[in-house]
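Only one structure is covered here, and it is reproduced in the block below.
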Amino acid sequence: MLRPNLYGSLAVLAVVAAIAIGLPTIDDALPAGRSLRAGERLDVGLGVSVAAPADAVLDVTKTQPSLYRLVFSVRSVRVVVEASRYAGDLPGLSEKLRRKIQSNPGYQASQQEHPTSTVTGVSGLAGSYSTPGRNGTYAVFGHHGVGVEISMAGDGSDLRKEGTDLTAMIRSVRFGAS
């Protein structure tokens with residue numbers, strides 16, 4: 001009677017050990033990023049899309065399609081694009097993003113905001129911020145009840161080097177059919 005229980009217990013222990021060791025090993029083997037083609041349209045959600053800049057790598061561990069959140073990097077610059085339902089005005093949306101940025105220790109909005117727009121003519125606001133050891137830029141757009149928040153931070157030299165492509169990405173935001 002003792003042997004069948006022993007064999008059954010050992011079999012269950014072997015399955016549990018295989019799962020405990022095997023699943024993390026498989027997870028570690030999967031890539032955390034996916035290279036994007038320059039200009040590739042990326043769906044953020046709620047009908048919003050954006051064009052990937054050159055050398056962008058999608059962070060598949062931080063991107064959350066169900067929350068309308070897209071995260072990618074270009075060299076040291078981390079870019080976050082989020083869409084949400086928003087019925088307020090542009091200054092209110094900008095204030096919401098600035099509060100989110102400044103809720104992180106050491107993060108500070110550093111310049112007066114200025115108007116910007118998408119290539120399709122949707123008006124927005126843009127500004128900059130600083131983080132410990134990094135510089136950042138943000139932009140917001142609102143159109144027909146949908147708000148878009150874009151924030152990016154990275155090494156100052158990478159921000160300058162990739163500035164044209166990153167600005168083009170910000171301006172590439174589209175609402176509605178992509």
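Ligands are numbered from 1 in the order shown, chains are lettered A, B, ... in the order of the structure tokens, and residues start at 1 in each chain.
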May I have the residues within 8 Å of Thr137 in chain A as a list of chain:residue names, using only C-alpha atoms and disregarding those fewer than 4 positions away in the same chain?
A:Ala126, A:Gly127, A:Ser128, A:Tyr129, A:Ser151, A:Met152, A:Ala153
Restricted to N, CA, C and O atoms, what would the selected residues look like written as a compact mmCIF listing (two decimals), in the first residue's frame?
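Once written, part.txt looks like this:
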# COMPACT_ATOMS: atom_id res chain seq x y z
N ALA A 126 2.94 70.16 -26.92
CA ALA A 126 4.17 69.42 -26.67
C ALA A 126 5.01 70.17 -25.65
O ALA A 126 4.89 71.39 -25.51
N GLY A 127 5.82 69.44 -24.93
CA GLY A 127 6.71 70.05 -23.95
C GLY A 127 7.87 69.12 -23.67
O GLY A 127 8.04 68.09 -24.32
N SER A 128 8.66 69.48 -22.69
CA SER A 128 9.81 68.65 -22.35
C SER A 128 9.88 68.50 -20.84
O SER A 128 9.26 69.23 -20.09
N TYR A 129 10.66 67.51 -20.42
CA TYR A 129 10.85 67.27 -18.99
C TYR A 129 12.23 66.66 -18.78
O TYR A 129 12.90 66.26 -19.73
N SER A 151 5.05 60.03 -24.51
CA SER A 151 6.19 60.50 -23.71
C SER A 151 7.41 59.68 -24.10
O SER A 151 7.30 58.51 -24.46
N MET A 152 8.54 60.34 -24.08
CA MET A 152 9.79 59.65 -24.40
C MET A 152 10.92 60.27 -23.59
O MET A 152 10.94 61.47 -23.36
N ALA A 153 11.81 59.42 -23.14
CA ALA A 153 12.96 59.90 -22.38
C ALA A 153 14.16 59.05 -22.72
O ALA A 153 14.03 57.85 -22.98
At a cut-off of 8 Å, using only C-alpha atoms, what residues contact Val77 in chain A? Leave out same-chain residues fewer than 3 positions from it and give the result as a PyMOL selection string.
chain A and resi 73-74+152-155+158-159
Shell of 7 Å around range 36-38 of chain A, only C-alpha atoms, local chain residues under 6 positions omitted, as a PyMOL selection string:
chain A and resi 52-58
In range 63-163 of chain A, what's alpha helix (DSSP H) per DSSP? Answer as a PyMOL selection string?
chain A and resi 90-102+156-161+163
Extract, using only C-alpha atoms, all DNA, RNA and protein residues at most 10 Å from Met169 in chain A, discarding same-chain residues fewer than 4 positions from it, and format them as JSON, numbers by chain.
{"A": [38, 39, 50, 51, 52, 53, 54, 118, 119, 150, 163, 164, 165, 173]}
Include all heavy atoms and write out the residues we just selected as a PDB file, in the first residue's frame.
ATOM      1  N   ALA A  38      10.916  50.920 -40.272  1.00  0.00           N
ATOM      2  CA  ALA A  38      10.674  52.369 -40.278  1.00  0.00           C
ATOM      3  C   ALA A  38       9.401  52.646 -41.060  1.00  0.00           C
ATOM      4  O   ALA A  38       9.216  52.144 -42.166  1.00  0.00           O
ATOM      5  CB  ALA A  38      11.850  53.099 -40.909  1.00  0.00           C
ATOM      6  N   GLY A  39       8.497  53.404 -40.466  1.00  0.00           N
ATOM      7  CA  GLY A  39       7.243  53.755 -41.117  1.00  0.00           C
ATOM      8  C   GLY A  39       6.123  52.756 -40.912  1.00  0.00           C
ATOM      9  O   GLY A  39       4.981  53.027 -41.283  1.00  0.00           O
ATOM     10  N   VAL A  50       0.268  54.955 -35.087  1.00  0.00           N
ATOM     11  CA  VAL A  50       1.461  55.789 -35.171  1.00  0.00           C
ATOM     12  C   VAL A  50       2.467  55.045 -36.048  1.00  0.00           C
ATOM     13  O   VAL A  50       2.451  53.817 -36.117  1.00  0.00           O
ATOM     14  CB  VAL A  50       2.013  56.067 -33.739  1.00  0.00           C
ATOM     15  CG1 VAL A  50       2.487  54.818 -33.066  1.00  0.00           C
ATOM     16  CG2 VAL A  50       3.084  57.109 -33.735  1.00  0.00           C
ATOM     17  N   ALA A  51       3.324  55.796 -36.744  1.00  0.00           N
ATOM     18  CA  ALA A  51       4.355  55.177 -37.590  1.00  0.00           C
ATOM     19  C   ALA A  51       5.631  54.983 -36.783  1.00  0.00           C
ATOM     20  O   ALA A  51       6.101  55.899 -36.112  1.00  0.00           O
ATOM     21  CB  ALA A  51       4.631  56.054 -38.811  1.00  0.00           C
ATOM     22  N   ALA A  52       6.202  53.795 -36.873  1.00  0.00           N
ATOM     23  CA  ALA A  52       7.442  53.495 -36.150  1.00  0.00           C
ATOM     24  C   ALA A  52       8.608  54.280 -36.740  1.00  0.00           C
ATOM     25  O   ALA A  52       8.748  54.356 -37.952  1.00  0.00           O
ATOM     26  CB  ALA A  52       7.744  52.004 -36.226  1.00  0.00           C
ATOM     27  N   PRO A  53       9.448  54.866 -35.888  1.00  0.00           N
ATOM     28  CA  PRO A  53      10.663  55.513 -36.389  1.00  0.00           C
ATOM     29  C   PRO A  53      11.711  54.461 -36.762  1.00  0.00           C
ATOM     30  O   PRO A  53      11.580  53.287 -36.402  1.00  0.00           O
ATOM     31  CB  PRO A  53      11.123  56.360 -35.207  1.00  0.00           C
ATOM     32  CG  PRO A  53      10.535  55.718 -34.005  1.00  0.00           C
ATOM     33  CD  PRO A  53       9.287  55.025 -34.445  1.00  0.00           C
ATOM     34  N   ALA A  54      12.745  54.874 -37.464  1.00  0.00           N
ATOM     35  CA  ALA A  54      13.837  53.970 -37.822  1.00  0.00           C
ATOM     36  C   ALA A  54      14.490  53.415 -36.555  1.00  0.00           C
ATOM     37  O   ALA A  54      14.560  54.103 -35.539  1.00  0.00           O
ATOM     38  CB  ALA A  54      14.875  54.713 -38.663  1.00  0.00           C
ATOM     39  N   THR A 118      -0.435  66.973 -35.865  1.00  0.00           N
ATOM     40  CA  THR A 118      -0.135  65.770 -36.635  1.00  0.00           C
ATOM     41  C   THR A 118      -0.071  66.163 -38.110  1.00  0.00           C
ATOM     42  O   THR A 118      -0.489  67.265 -38.490  1.00  0.00           O
ATOM     43  CB  THR A 118      -1.224  64.702 -36.457  1.00  0.00           C
ATOM     44  OG1 THR A 118      -2.434  65.172 -37.051  1.00  0.00           O
ATOM     45  CG2 THR A 118      -1.457  64.385 -34.977  1.00  0.00           C
ATOM     46  N   VAL A 119       0.433  65.265 -38.957  1.00  0.00           N
ATOM     47  CA  VAL A 119       0.491  65.560 -40.388  1.00  0.00           C
ATOM     48  C   VAL A 119      -0.909  65.667 -40.991  1.00  0.00           C
ATOM     49  O   VAL A 119      -1.081  66.266 -42.049  1.00  0.00           O
ATOM     50  CB  VAL A 119       1.331  64.524 -41.174  1.00  0.00           C
ATOM     51  CG1 VAL A 119       2.789  64.606 -40.767  1.00  0.00           C
ATOM     52  CG2 VAL A 119       0.801  63.126 -41.002  1.00  0.00           C
ATOM     53  N   ILE A 150       1.912  60.897 -25.585  1.00  0.00           N
ATOM     54  CA  ILE A 150       3.195  60.341 -26.010  1.00  0.00           C
ATOM     55  C   ILE A 150       4.263  60.908 -25.089  1.00  0.00           C
ATOM     56  O   ILE A 150       4.340  62.126 -24.905  1.00  0.00           O
ATOM     57  CB  ILE A 150       3.531  60.726 -27.467  1.00  0.00           C
ATOM     58  CG1 ILE A 150       2.444  60.242 -28.409  1.00  0.00           C
ATOM     59  CG2 ILE A 150       4.900  60.176 -27.868  1.00  0.00           C
ATOM     60  CD1 ILE A 150       2.590  60.760 -29.828  1.00  0.00           C
ATOM     61  N   GLY A 163      16.196  62.911 -33.112  1.00  0.00           N
ATOM     62  CA  GLY A 163      15.168  63.940 -33.015  1.00  0.00           C
ATOM     63  C   GLY A 163      14.244  64.038 -34.212  1.00  0.00           C
ATOM     64  O   GLY A 163      13.021  64.124 -34.065  1.00  0.00           O
ATOM     65  N   THR A 164      14.793  64.020 -35.416  1.00  0.00           N
ATOM     66  CA  THR A 164      13.966  64.152 -36.617  1.00  0.00           C
ATOM     67  C   THR A 164      13.004  62.981 -36.747  1.00  0.00           C
ATOM     68  O   THR A 164      11.815  63.169 -37.000  1.00  0.00           O
ATOM     69  CB  THR A 164      14.863  64.252 -37.875  1.00  0.00           C
ATOM     70  OG1 THR A 164      15.725  65.374 -37.707  1.00  0.00           O
ATOM     71  CG2 THR A 164      14.040  64.416 -39.129  1.00  0.00           C
ATOM     72  N   ASP A 165      13.508  61.755 -36.546  1.00  0.00           N
ATOM     73  CA  ASP A 165      12.648  60.574 -36.645  1.00  0.00           C
ATOM     74  C   ASP A 165      11.599  60.548 -35.535  1.00  0.00           C
ATOM     75  O   ASP A 165      10.453  60.155 -35.764  1.00  0.00           O
ATOM     76  CB  ASP A 165      13.477  59.290 -36.579  1.00  0.00           C
ATOM     77  CG  ASP A 165      14.223  58.994 -37.873  1.00  0.00           C
ATOM     78  OD1 ASP A 165      13.897  59.612 -38.910  1.00  0.00           O
ATOM     79  OD2 ASP A 165      15.128  58.145 -37.845  1.00  0.00           O
ATOM     80  N   VAL A 173       0.798  60.519 -35.745  1.00  0.00           N
ATOM     81  CA  VAL A 173      -0.397  60.004 -35.066  1.00  0.00           C
ATOM     82  C   VAL A 173      -1.615  60.175 -35.965  1.00  0.00           C
ATOM     83  O   VAL A 173      -1.835  61.254 -36.535  1.00  0.00           O
ATOM     84  CB  VAL A 173      -0.627  60.734 -33.713  1.00  0.00           C
ATOM     85  CG1 VAL A 173      -1.975  60.388 -33.120  1.00  0.00           C
ATOM     86  CG2 VAL A 173       0.500  60.413 -32.746  1.00  0.00           C
TER      87      VAL A 173
END
Distance of CA of Val81 in chain A from CA of Arg34 in chain A, expressed in Å to one decimal place:
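Here the two named atoms are 16.4 Å from each other.
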Would you work out the distance separating CA of Val71 in chain A from CA of Gln112 in chain A, expressed in Å to one decimal?
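Separating CA of Val71 in chain A from CA of Gln112 in chain A is a distance of 25.5 Å.
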Could you work out how far CA of Gly133 in chain A lies from CA of Arg75 in chain A, giving the answer in Å with one decimal?
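For CA of Arg75 in chain A relative to CA of Gly133 in chain A, the distance reads 15.4 Å.
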Run DSSP on the backbone and tell me which residues of range 29-140 of chain A come out as strand (DSSP E); list them as a ChimeraX atom specification.
/A:33-35,41-45,48-51,56-59,69-74,77-85,108-109,114-117,123-131,134-140
For Glu113 in chain A, list every protein, DNA or RNA residue within 10 Å, evaluated using only C-alpha atoms, and leave out those in the same chain fewer than 2 positions away; present the list as a short mmCIF file (atom, residue, chain, number, x, y, z; two decimals) with N, CA, C and O atoms, in the first residue's frame.
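Printed below is selection_33.cif as written:
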data_model
loop_
_atom_site.label_atom_id
_atom_site.label_comp_id
_atom_site.auth_asym_id
_atom_site.auth_seq_id
_atom_site.Cartn_x
_atom_site.Cartn_y
_atom_site.Cartn_z
N PRO A 91 -5.47 71.40 -23.01
CA PRO A 91 -4.69 71.75 -21.81
C PRO A 91 -4.94 70.79 -20.65
O PRO A 91 -4.03 70.46 -19.90
N SER A 94 -2.97 67.62 -21.36
CA SER A 94 -1.56 67.89 -21.13
C SER A 94 -1.25 67.90 -19.63
O SER A 94 -0.25 67.34 -19.19
N ALA A 109 8.75 68.77 -15.27
CA ALA A 109 8.46 69.45 -16.55
C ALA A 109 9.38 70.66 -16.58
O ALA A 109 9.50 71.38 -15.60
N SER A 110 10.04 70.89 -17.72
CA SER A 110 11.10 71.89 -17.70
C SER A 110 10.92 73.06 -18.64
O SER A 110 11.69 74.00 -18.58
N GLN A 111 9.96 73.04 -19.53
CA GLN A 111 9.79 74.16 -20.45
C GLN A 111 8.32 74.47 -20.66
O GLN A 111 7.45 73.65 -20.41
N PRO A 115 2.49 74.65 -29.18
CA PRO A 115 1.57 73.94 -30.06
C PRO A 115 2.32 73.02 -31.03
O PRO A 115 3.45 73.30 -31.42
N THR A 116 1.68 71.93 -31.37
CA THR A 116 2.19 71.02 -32.38
C THR A 116 0.97 70.48 -33.13
O THR A 116 -0.16 70.80 -32.78
N LEU A 125 -0.38 69.65 -28.07
CA LEU A 125 0.55 70.41 -27.24
C LEU A 125 1.76 69.54 -26.97
O LEU A 125 1.63 68.32 -26.80
N ALA A 126 2.94 70.16 -26.92
CA ALA A 126 4.17 69.42 -26.67
C ALA A 126 5.01 70.17 -25.65
O ALA A 126 4.89 71.39 -25.51
N GLY A 127 5.82 69.44 -24.93
CA GLY A 127 6.71 70.05 -23.95
C GLY A 127 7.87 69.12 -23.67
O GLY A 127 8.04 68.09 -24.32
N SER A 128 8.66 69.48 -22.69
CA SER A 128 9.81 68.65 -22.35
C SER A 128 9.88 68.50 -20.84
O SER A 128 9.26 69.23 -20.09
N TYR A 138 7.30 65.25 -24.42
CA TYR A 138 5.96 64.68 -24.42
C TYR A 138 5.08 65.46 -25.39
O TYR A 138 5.38 66.60 -25.76
N ALA A 139 4.00 64.84 -25.79
CA ALA A 139 3.00 65.49 -26.65
C ALA A 139 1.65 64.87 -26.37
O ALA A 139 1.56 63.69 -25.99
#
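Using only C-alpha atoms, the protein and nucleic acid residues lying no more than 12 Å from Ser84 in chain A, apart from those fewer than 6 places from it along its own chain, are A:Val44, A:Gly45, A:Leu46, A:Gly47, A:Val48, A:Pro65, A:Ser66, A:Leu67, A:Tyr68, A:Arg69, A:Leu93, A:Lys96, A:Leu97, A:Val140, A:Phe141, A:Gly142, A:His143, A:His144, A:Gly145, A:Val146, A:Gly147, A:Val148, A:Glu149, A:Ile150, A:Phe175.
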